[in-house]
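Engineer: Hey, dropping entry17.csv in here, CSV, C-alpha atoms:
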chain,number,residue,atom,x,y,z
A,2,MET,CA,-265.4,127.3,12.0
A,3,ILE,CA,-265.0,130.7,10.5
A,4,ASN,CA,-262.6,133.1,12.1
A,5,PRO,CA,-264.5,136.4,12.4
A,6,LEU,CA,-261.4,138.4,12.7
A,7,LYS,CA,-260.0,137.0,9.5
A,8,SER,CA,-263.3,137.3,7.7
A,9,ALA,CA,-263.7,140.9,8.9
A,10,SER,CA,-260.4,141.9,7.5
A,11,VAL,CA,-261.2,140.2,4.2
A,12,SER,CA,-264.5,141.9,4.0
A,13,MET,CA,-263.0,145.3,4.8
A,14,SER,CA,-260.3,144.9,2.2
A,15,HIS,CA,-263.0,145.5,-0.4
A,16,HIS,CA,-263.7,148.8,1.2
A,17,PRO,CA,-260.4,150.7,1.8
A,18,PRO,CA,-262.1,153.8,3.3
A,19,ALA,CA,-264.0,151.7,5.9
A,20,ALA,CA,-260.9,149.6,6.7
A,21,LYS,CA,-258.9,152.7,7.2
A,22,LEU,CA,-261.6,154.1,9.4
A,23,LEU,CA,-261.6,151.0,11.6
A,24,ARG,CA,-257.9,150.7,11.8
A,25,SER,CA,-257.7,154.3,13.1
A,26,VAL,CA,-259.5,153.2,16.3
A,27,ASP,CA,-257.7,151.7,19.2
A,28,CYS,CA,-257.9,147.9,19.0
A,29,GLY,CA,-258.8,147.8,22.7
A,30,GLU,CA,-262.1,149.5,21.8
A,31,LEU,CA,-263.1,147.1,19.1
A,32,CYS,CA,-262.3,143.7,20.4
A,33,THR,CA,-261.2,141.6,23.4
A,34,SER,CA,-259.1,138.5,23.1
A,35,GLN,CA,-261.4,136.1,24.8
A,36,GLY,CA,-261.7,133.2,22.4
A,37,LEU,CA,-263.4,134.4,19.2
A,38,GLN,CA,-265.3,137.3,20.8
A,39,VAL,CA,-265.3,140.4,18.7
A,40,GLY,CA,-266.5,143.8,20.0
A,41,CYS,CA,-266.1,146.3,22.8
A,42,PRO,CA,-264.8,145.4,26.3
A,43,PRO,CA,-267.5,145.2,29.0
A,44,TYR,CA,-266.5,148.6,30.4
A,45,ARG,CA,-267.3,151.9,28.6
A,46,GLN,CA,-264.4,153.9,27.2
A,47,PRO,CA,-264.5,157.7,27.9
A,48,SER,CA,-264.9,159.8,24.8
A,49,LEU,CA,-265.8,163.3,23.9
A,50,ARG,CA,-269.3,163.6,22.8
A,51,ASN,CA,-268.7,165.2,19.4
A,52,SER,CA,-265.6,163.2,18.5
A,53,ASN,CA,-265.3,160.5,15.8
A,54,ASN,CA,-264.4,158.0,18.5
A,55,PHE,CA,-267.8,158.5,20.1
A,56,ALA,CA,-269.7,158.3,16.8
A,57,LEU,CA,-267.9,155.1,15.7
A,58,ASN,CA,-268.4,153.4,19.1
A,59,SER,CA,-272.1,154.3,18.8
A,60,ILE,CA,-272.2,152.5,15.5
A,61,LEU,CA,-270.4,149.3,16.5
A,62,ARG,CA,-271.4,149.0,20.1
A,63,THR,CA,-274.5,147.3,21.5
A,64,PRO,CA,-276.2,148.4,24.7
A,65,ASN,CA,-274.3,147.9,28.0
A,66,LYS,CA,-276.8,145.4,29.3
A,67,TYR,CA,-275.4,142.9,26.8
A,68,SER,CA,-271.7,143.6,27.7
A,69,GLY,CA,-269.7,140.6,28.7
A,70,VAL,CA,-271.6,138.2,26.4
A,71,SER,CA,-269.8,136.7,23.4
A,72,GLN,CA,-271.3,138.4,20.4
A,73,HIS,CA,-270.6,139.8,16.9
A,74,TYR,CA,-271.2,143.4,16.2
A,75,PHE,CA,-271.2,143.0,12.4
A,76,ASN,CA,-271.8,140.1,10.1
A,77,PRO,CA,-268.5,139.1,8.5
A,78,ARG,CA,-270.4,137.7,5.4
A,79,VAL,CA,-272.2,141.0,4.8
A,80,GLU,CA,-270.3,143.8,3.1
A,81,PHE,CA,-269.5,146.8,5.3
A,82,ASP,CA,-271.8,149.7,4.5
A,83,THR,CA,-269.3,152.5,4.1
A,84,PRO,CA,-271.9,155.3,3.3
A,85,PHE,CA,-273.8,154.4,6.4
A,86,VAL,CA,-270.7,154.8,8.6
A,87,TYR,CA,-269.8,158.2,7.1
A,88,ASN,CA,-273.4,159.5,7.3
A,89,LYS,CA,-273.5,158.5,11.0
A,90,LEU,CA,-270.2,160.3,11.6
A,91,GLN,CA,-271.5,163.4,9.9
A,92,ASN,CA,-274.7,163.4,12.0
A,93,TRP,CA,-272.8,162.9,15.3
A,94,ASN,CA,-270.4,165.8,14.4
A,95,LYS,CA,-273.4,168.1,14.0
A,96,PHE,CA,-273.9,168.2,17.8
A,97,SER,CA,-274.4,171.7,19.2
A,98,ARG,CA,-271.2,173.5,20.3
A,99,ASN,CA,-273.0,174.7,23.4
A,100,ILE,CA,-273.5,171.1,24.5
A,101,VAL,CA,-269.9,170.2,24.0
A,102,ALA,CA,-268.8,173.4,25.9
A,103,ARG,CA,-271.0,172.5,28.8
A,104,SER,CA,-269.6,169.0,29.0
A,105,GLU,CA,-266.1,170.3,29.0
A,106,LEU,CA,-266.8,172.9,31.6
A,107,ALA,CA,-268.4,170.4,33.8
A,108,GLU,CA,-265.1,168.6,34.2
A,109,THR,CA,-263.0,171.7,35.1
A,110,GLY,CA,-263.5,175.0,36.7
A,111,TYR,CA,-267.1,175.4,37.9
A,112,PRO,CA,-268.6,172.3,39.5
A,113,ASP,CA,-272.0,173.4,38.3
A,114,ALA,CA,-271.0,174.5,34.8
A,115,GLY,CA,-273.1,171.8,33.0
A,116,TYR,CA,-276.8,172.2,33.0
A,117,PRO,CA,-278.3,169.1,31.5
A,118,SER,CA,-281.9,169.8,32.5
A,119,SER,CA,-284.0,171.5,29.8
A,120,ASP,CA,-286.3,172.9,32.4
A,121,LEU,CA,-283.3,174.6,34.1
A,122,GLN,CA,-282.1,176.0,30.8
A,123,LEU,CA,-285.5,177.5,30.0
A,124,SER,CA,-285.8,179.0,33.5
A,125,SER,CA,-282.3,180.5,33.2
A,126,LYS,CA,-283.1,182.0,29.8
A,127,PHE,CA,-286.3,183.5,31.1
A,128,ARG,CA,-284.5,184.9,34.1
A,129,GLY,CA,-282.0,186.4,31.6
A,130,LEU,CA,-284.7,188.1,29.7
A,131,CYS,CA,-286.1,189.5,32.9
A,132,PHE,CA,-282.7,190.7,34.0
A,133,TYR,CA,-282.1,192.8,30.9
A,134,ALA,CA,-285.7,194.1,31.0
A,135,VAL,CA,-285.2,195.3,34.6
A,136,THR,CA,-281.7,196.8,33.9
A,137,ALA,CA,-283.0,198.6,30.8
A,138,PHE,CA,-286.1,200.0,32.6
A,139,ALA,CA,-284.1,201.2,35.6
A,140,ALA,CA,-281.3,202.7,33.3
A,141,ILE,CA,-283.7,204.8,31.3
A,142,PHE,CA,-285.0,206.7,34.4
A,143,LEU,CA,-281.7,206.9,36.2
A,144,PHE,CA,-279.9,208.1,33.1
A,145,VAL,CA,-282.1,211.2,33.1
A,146,LEU,CA,-280.8,211.9,36.6
A,147,MET,CA,-277.2,211.5,35.4
A,148,MET,CA,-277.8,213.9,32.6
A,149,LEU,CA,-279.4,216.5,34.9
A,150,ALA,CA,-276.6,216.2,37.4
A,151,HIS,CA,-273.7,216.1,34.9
A,152,PRO,CA,-273.1,219.8,34.5
A,153,PHE,CA,-272.8,220.3,38.2
A,154,VAL,CA,-270.6,217.2,38.6
A,155,LEU,CA,-268.1,218.6,36.0
A,156,LEU,CA,-268.0,221.9,37.9
A,157,LEU,CA,-267.8,220.6,41.5
A,158,ASP,CA,-266.4,217.0,41.3
A,159,ARG,CA,-264.8,216.5,38.0
A,160,TYR,CA,-262.5,213.7,38.9
A,161,LYS,CA,-264.3,211.5,41.4
A,162,ARG,CA,-267.8,212.1,40.1
A,163,ARG,CA,-269.4,210.7,43.3
A,164,ALA,CA,-272.9,211.8,42.3
A,165,GLN,CA,-272.8,209.7,39.1
A,166,HIS,CA,-271.4,206.7,41.0
A,167,LEU,CA,-274.3,207.0,43.5
A,168,VAL,CA,-276.8,206.8,40.7
A,169,ALA,CA,-274.8,203.8,39.3
A,170,LYS,CA,-275.0,202.1,42.6
A,171,ILE,CA,-278.8,202.5,42.8
A,172,TRP,CA,-279.1,201.2,39.2
A,173,ALA,CA,-276.9,198.1,39.9
A,174,THR,CA,-278.7,197.4,43.2
A,175,LEU,CA,-282.1,197.6,41.6
A,176,THR,CA,-280.9,195.3,38.8
A,177,VAL,CA,-279.3,192.5,40.7
A,178,SER,CA,-281.5,192.4,43.8
A,179,PRO,CA,-284.4,190.3,42.2
A,180,PHE,CA,-281.9,187.7,40.8
A,181,TYR,CA,-279.2,187.0,43.3
A,182,LYS,CA,-278.0,187.9,46.8
A,183,ILE,CA,-274.6,189.6,47.4
A,184,GLU,CA,-272.7,188.9,50.6
A,185,PHE,CA,-269.8,191.2,51.5
A,186,GLU,CA,-266.9,190.2,53.6
A,187,GLY,CA,-264.1,192.6,54.7
A,188,LEU,CA,-265.8,195.9,54.2
A,189,GLU,CA,-263.7,197.3,57.0
A,190,ASN,CA,-260.7,196.8,54.7
A,191,LEU,CA,-261.9,199.4,52.2
A,192,PRO,CA,-259.8,202.6,52.2
A,193,GLY,CA,-261.6,205.8,53.1
A,194,SER,CA,-263.6,207.4,50.3
A,195,ASP,CA,-261.1,210.3,50.1
A,196,THR,CA,-258.1,207.9,49.9
A,197,PRO,CA,-257.1,207.0,46.3
A,198,ALA,CA,-256.2,203.4,45.6
A,199,VAL,CA,-255.8,200.8,42.9
A,200,TYR,CA,-258.5,198.1,43.2
A,201,VAL,CA,-257.9,194.7,41.5
A,202,SER,CA,-260.2,191.7,41.2
A,203,ASN,CA,-260.6,188.4,39.3
A,204,HIS,CA,-263.0,188.5,36.3
A,205,GLN,CA,-265.5,185.8,35.8
A,206,SER,CA,-268.7,187.3,34.4
A,207,PHE,CA,-270.5,190.2,32.9
A,208,LEU,CA,-272.1,190.5,36.3
A,209,ASP,CA,-268.8,191.5,37.9
A,210,ILE,CA,-269.4,195.2,37.1
A,211,TYR,CA,-272.9,195.2,38.5
A,212,THR,CA,-271.7,193.5,41.7
A,213,LEU,CA,-268.8,195.9,42.2
A,214,LEU,CA,-270.9,199.0,41.6
A,215,THR,CA,-273.0,198.0,44.6
A,216,LEU,CA,-270.0,198.8,46.8
A,217,GLY,CA,-270.7,202.5,46.2
A,218,ARG,CA,-267.1,203.5,45.7
A,219,SER,CA,-266.2,206.0,43.0
A,220,PHE,CA,-263.4,204.1,41.3
A,221,LYS,CA,-262.9,204.3,37.6
A,222,PHE,CA,-263.3,201.2,35.5
A,223,ILE,CA,-261.4,200.5,32.3
A,224,SER,CA,-263.5,199.4,29.4
A,225,LYS,CA,-263.3,198.7,25.7
A,226,THR,CA,-263.9,201.7,23.5
A,227,GLY,CA,-266.8,199.9,21.7
A,228,ILE,CA,-268.9,199.7,24.9
A,229,PHE,CA,-269.2,203.5,24.9
A,230,LEU,CA,-271.2,203.3,21.7
A,231,PHE,CA,-274.0,201.4,23.4
A,232,PRO,CA,-277.1,203.6,24.0
A,233,ILE,CA,-277.7,204.7,27.6
A,234,ILE,CA,-275.2,202.2,29.1
A,235,GLY,CA,-272.3,203.5,27.2
A,236,TRP,CA,-273.3,207.1,27.7
A,237,ALA,CA,-273.7,206.6,31.4
A,238,MET,CA,-270.2,205.0,31.5
A,239,PHE,CA,-268.8,208.1,29.8
A,240,MET,CA,-270.5,210.4,32.4
A,241,MET,CA,-269.0,208.3,35.2
A,242,GLY,CA,-265.5,208.8,33.9
A,243,THR,CA,-264.8,205.2,32.7
A,244,ILE,CA,-261.5,205.0,31.0
A,245,PRO,CA,-261.5,203.8,27.4
A,246,LEU,CA,-259.0,201.2,26.1
A,247,LYS,CA,-258.3,199.6,22.7
A,248,ARG,CA,-257.0,196.2,23.7
A,249,MET,CA,-254.6,195.4,20.9
A,250,ASP,CA,-253.3,199.0,20.6
A,251,SER,CA,-250.1,199.5,22.6
A,252,ARG,CA,-250.4,203.3,22.3
A,253,SER,CA,-253.9,203.1,23.7
A,254,GLN,CA,-252.7,201.0,26.6
A,255,LEU,CA,-250.0,203.5,27.5
A,256,ASP,CA,-252.5,206.4,27.3
A,257,CYS,CA,-254.8,204.4,29.6
A,258,LEU,CA,-252.1,203.9,32.2
A,259,LYS,CA,-251.1,207.6,32.1
A,260,ARG,CA,-254.8,208.6,32.5
A,261,CYS,CA,-255.0,206.3,35.5
A,262,MET,CA,-252.0,207.9,37.1
A,263,ASP,CA,-253.4,211.4,36.5
A,264,LEU,CA,-256.7,210.4,38.1
A,265,ILE,CA,-255.0,209.0,41.2
A,266,LYS,CA,-253.0,212.2,41.6
A,267,LYS,CA,-256.3,214.1,41.5
A,268,GLY,CA,-257.6,211.9,44.3
A,269,ALA,CA,-259.7,209.4,42.4
A,270,SER,CA,-259.3,205.6,42.5
A,271,VAL,CA,-259.1,203.2,39.6
A,272,PHE,CA,-260.2,199.6,39.1
A,273,PHE,CA,-258.4,196.9,37.1
A,274,PHE,CA,-259.2,193.3,36.1
A,275,PRO,CA,-255.5,192.2,35.8
A,276,GLU,CA,-256.4,189.0,33.9
A,277,GLY,CA,-257.4,191.2,31.0
A,278,THR,CA,-260.5,189.2,30.1
A,279,ARG,CA,-263.2,187.0,31.7
A,280,SER,CA,-262.3,183.5,32.7
A,281,ARG,CA,-264.0,180.9,30.6
A,282,ASP,CA,-263.7,178.0,33.0
A,283,GLY,CA,-263.7,179.8,36.4
A,284,LYS,CA,-260.0,179.3,36.9
A,285,LEU,CA,-257.9,182.3,37.9
A,286,GLY,CA,-255.7,183.4,35.0
A,287,SER,CA,-252.3,185.1,35.0
A,288,PHE,CA,-252.1,188.8,36.1
A,289,LYS,CA,-250.7,191.6,34.0
A,290,LYS,CA,-248.5,194.1,35.7
A,291,GLY,CA,-250.1,197.3,34.5
A,292,ALA,CA,-252.2,198.0,37.5
A,293,PHE,CA,-249.4,197.3,39.9
A,294,SER,CA,-247.0,199.5,38.0
A,295,VAL,CA,-249.6,202.3,38.4
A,296,ALA,CA,-249.7,201.7,42.1
A,297,VAL,CA,-245.9,201.7,42.5
A,298,LYS,CA,-245.5,204.9,40.5
A,299,THR,CA,-248.2,206.8,42.3
A,300,ARG,CA,-247.4,205.2,45.7
A,301,VAL,CA,-251.0,204.2,46.5
A,302,PRO,CA,-252.1,200.9,48.1
A,303,VAL,CA,-253.5,197.9,46.1
A,304,VAL,CA,-256.8,196.5,47.3
A,305,PRO,CA,-257.3,192.9,46.2
A,306,ILE,CA,-261.0,191.8,45.8
A,307,ALA,CA,-262.2,188.2,45.2
A,308,LEU,CA,-265.5,187.8,43.4
A,309,ILE,CA,-267.1,184.4,44.0
A,310,GLY,CA,-270.2,183.0,42.2
A,311,THR,CA,-270.8,185.5,39.4
A,312,GLY,CA,-269.4,183.0,36.8
A,313,LYS,CA,-271.9,180.4,37.9
A,314,ILE,CA,-274.8,182.7,37.6
A,315,MET,CA,-273.8,184.1,34.2
A,316,PRO,CA,-270.9,182.2,32.7
A,317,ALA,CA,-268.6,184.0,30.2
A,318,GLY,CA,-269.9,183.6,26.7
A,319,MET,CA,-273.5,182.8,28.0
A,320,GLU,CA,-274.7,186.3,28.7
A,321,GLY,CA,-278.3,185.4,27.7
A,322,ILE,CA,-278.9,183.3,30.9
A,323,VAL,CA,-279.1,184.1,34.6
A,324,ASN,CA,-278.8,180.9,36.8
A,325,PRO,CA,-280.0,180.8,40.4
A,326,GLY,CA,-277.2,181.5,42.9
A,327,SER,CA,-275.5,183.9,45.2
A,328,VAL,CA,-272.4,186.0,45.1
A,329,LYS,CA,-269.7,186.6,47.7
A,330,VAL,CA,-267.4,189.6,47.6
A,331,VAL,CA,-264.3,189.3,49.7
A,332,ILE,CA,-262.3,192.5,50.3
A,333,HIS,CA,-258.8,192.0,51.5
A,334,LYS,CA,-256.5,194.3,53.3
A,335,PRO,CA,-254.6,196.8,51.2
A,336,ILE,CA,-251.0,195.9,50.2
A,337,GLU,CA,-248.2,198.2,49.3
A,338,GLY,CA,-244.7,197.8,47.8
A,339,ASN,CA,-242.0,199.2,45.5
A,340,ASP,CA,-241.9,196.3,43.1
A,341,ALA,CA,-244.7,195.9,40.6
A,342,GLU,CA,-243.9,192.2,40.0
A,343,VAL,CA,-243.9,191.4,43.7
A,344,LEU,CA,-247.2,193.2,44.2
A,345,CYS,CA,-248.7,191.4,41.2
A,346,ASN,CA,-247.8,188.0,42.6
A,347,GLU,CA,-248.9,188.8,46.1
A,348,ALA,CA,-252.3,190.1,44.9
A,349,ARG,CA,-252.9,187.1,42.7
A,350,ASP,CA,-252.0,184.7,45.6
A,351,ILE,CA,-254.4,186.5,47.9
A,352,ILE,CA,-257.3,186.2,45.4
A,353,ALA,CA,-256.4,182.6,44.5
A,354,ASP,CA,-256.5,181.6,48.2
A,355,ALA,CA,-259.9,183.2,48.7
A,356,LEU,CA,-261.3,181.4,45.6
A,357,TYR,CA,-259.9,178.1,46.8
A,358,GLN,CA,-261.1,178.5,50.4
A,359,LYS,CA,-264.5,180.2,49.9
A,360,GLY,CA,-265.4,179.3,46.3
So that I can check it, write out the structure of this file as structure tokens.

Structural biologist:
Amino acid sequence: MINPLKSASVSMSHHPPAAKLLRSVDCGELCTSQGLQVGCPPYRQPSLRNSNNFALNSILRTPNKYSGVSQHYFNPRVEFDTPFVYNKLQNWNKFSRNIVARSELAETGYPDAGYPSSDLQLSSKFRGLCFYAVTAFAAIFLFVLMMLAHPFVLLLDRYKRRAQHLVAKIWATLTVSPFYKIEFEGLENLPGSDTPAVYVSNHQSFLDIYTLLTLGRSFKFISKTGIFLFPIIGWAMFMMGTIPLKRMDSRSQLDCLKRCMDLIKKGASVFFFPEGTRSRDGKLGSFKKGAFSVAVKTRVPVVPIALIGTGKIMPAGMEGIVNPGSVKVVIHKPIEGNDAEVLCNEARDIIADALYQKG
């Protein structure tokens, strides 16, 4: 009787690349030690879809319905087809990066981050096209109102610019209403419109700005300088008094913080995303202390806000789709203090608790 393990090793010795490839795989995935059985164990090993491990298992493994039966997965008397193995590996490694990203997101962060249904994908893409069509159509007409009102705003309300924020609220409400519902909790915790404050929130999606504009408060956002070059949207942000920032420029960061403090002293409020960027997996990132340093130096309260659901509707990096869903905005009681680091930790804990309990 021929020992298949011995024969396999002899056969592979004539093909060093193939032998090296097979030796790199865990022996537990290739064989079980029940008599002379060669192959995979009856249970399926977890593997990442675009990995070599997955591709190799797909080559050597038979369907699960035959698991547990003594069988051979390759003929020890037939030479191992090395080009076939490498061609299969190359084909498997050409899987779409989007598919891999969704499979990884489905395991962490958002519970609904993976969308395996092609019908759902097409529906979300169509909704995305409609979303941008609606926002562009509304922006064109409302931008004209902003332009007409801007000279009077500069003369009468240079720092708060409430008229421009009212137009922005109408624009954001018209844009998001056909696509998702917003539920507000804790509106009574908002400071008065004449009380300056530092607002902070988690950042999950491109939709966060639209959602926050529906609050109707004239706080000043901080945005990358490149956004101001976008037609209509960028110009509208400029007229609203949005604060520009170059992310990797330390001098620009200092100028941004100084401008924030000047606006607060003039009676305006500012809005920060302390994470610095959108979360890719829905998990709350670490907070930077800049916003809290501004609050401490200007002696104004910090208002923590938790945004729940925007990342599921339009995940970061997938701005072309709009999934069905709803959004919840939780406004917490203002907090105050003399230590920026303590304020930073307290605000993050408050938002993290809201995401855990209501997310």

Engineer: Mind giving me the straight-line distance from CA of Asn339 in chain A to CA of Arg300 in chain A in Å, one decimal?

Structural biologist: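 About the pair CA of Asn339 in chain A and CA of Arg300 in chain A: they are 8.1 Å apart.
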
Engineer: Taking only C-alpha atoms into account, which of A:Glu337, A:Pro232, A:Val271, A:Thr215 comes nearest Ile141 in chain A?

Structural biologist: A:Pro232

Engineer: Do you have the CA of Met319 in chain A-CA of Asp120 in chain A distance handy?

Structural biologist: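 We find that CA of Met319 in chain A and CA of Asp120 in chain A lie 16.8 Å from each other.
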
Engineer: So, with only C-alpha atoms as the atoms that count, which of A:Val330, A:Ala198, A:Leu157, A:Val135 lies closest to Pro179 in chain A?

Structural biologist: A:Val135

Engineer: Between CA of Pro192 in chain A and CA of Lys161 in chain A, what is the distance, to one decimal in Å?

Structural biologist: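 For CA of Pro192 in chain A relative to CA of Lys161 in chain A, the distance reads 14.7 Å.
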
Engineer: So, counting all atoms listed in the file, which residue among A:Lys225, A:Lys289, A:Lys266, A:Arg163 is closest to Ala348 in chain A?

Structural biologist: A:Lys289

Engineer: Can you tell me which residues surround Ser124 in chain A at a distance of at most 10 Å, considering only C-alpha atoms, apart from same-chain residues fewer than 6 positions away, and format the answer as a short mmCIF file (atom, residue, chain, number, x, y, z; two decimals) with C-alpha atoms, in the coordinates of the input?

Structural biologist:
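Resulting contents of result-v1.cif:
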data_model
loop_
_atom_site.label_atom_id
_atom_site.label_comp_id
_atom_site.auth_asym_id
_atom_site.auth_seq_id
_atom_site.Cartn_x
_atom_site.Cartn_y
_atom_site.Cartn_z
CA LEU A 130 -284.70 188.10 29.70
CA ILE A 322 -278.90 183.30 30.90
CA VAL A 323 -279.10 184.10 34.60
CA ASN A 324 -278.80 180.90 36.80
CA PRO A 325 -280.00 180.80 40.40
#

Engineer: Using only C-alpha atoms for the distances, tell me which of A:Pro305, A:Gly326, A:Gly291, A:Gly217 is nearest to Ile352 in chain A.

Structural biologist: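 Looking only at the distances to Ile352 in chain A, the closest residue turns out to be A:Pro305.
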
Engineer: Between A:Leu308, A:Leu155, A:Leu167, A:Ile233, which residue has the minimum interatomic distance to Phe207 in chain A, considering all atoms listed in the file?

Structural biologist: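 Nearest candidate to Phe207 in chain A out of A:Leu308, A:Leu155, A:Leu167, A:Ile233: A:Leu308.
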
Engineer: Looking at all atoms listed in the file, which of A:Arg260, A:Ser206, A:Ile332, A:Tyr160 is the one that sits closest to Ala317 in chain A?

Structural biologist: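 Ranked by minimum distance to Ala317 in chain A, first place goes to A:Ser206.
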
Engineer: Excluding Thr278 in chain A and its own-chain neighbours fewer than 4 positions away, which residues fall within 10 Å of it when counting all atoms listed in the file? Please give them as a PyMOL selection string.

Structural biologist: chain A and resi 203-206+274+286+317

Engineer: Do a neighbour search on Val145 in chain A at 12 Å with only C-alpha atoms, toss out local chain neighbours closer than 2 positions, and write the hits as JSON, numbers by chain.

Structural biologist: {"A": [138, 139, 140, 141, 142, 143, 147, 148, 149, 150, 151, 165, 168, 233, 236, 237, 240]}

Engineer: Using all atoms listed in the file, which protein or nucleic acid residues come within 9 Å of Lys298 in chain A? Drop anything in the same chain fewer than 4 positions from it, and give the result as a PyMOL selection string.

Structural biologist: chain A and resi 262+293-294+339

Engineer: Filtering to C-alpha atoms, could you give me those residues as a tab-separated table (two decimals), in the frame of the given file?

Structural biologist:
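See again13.tsv below for the written result:
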chain	number	residue	atom	x	y	z
A	262	MET	CA	-252.00	207.90	37.10
A	293	PHE	CA	-249.40	197.30	39.90
A	294	SER	CA	-247.00	199.50	38.00
A	339	ASN	CA	-242.00	199.20	45.50

Engineer: Show me the residues around (-262.6, 201.0, 27.2) - criterion: an atom at most 8 Å away, only C-alpha atoms counted - as a VMD selection string.

Structural biologist: chain A and resid 223 to 229 243 to 247
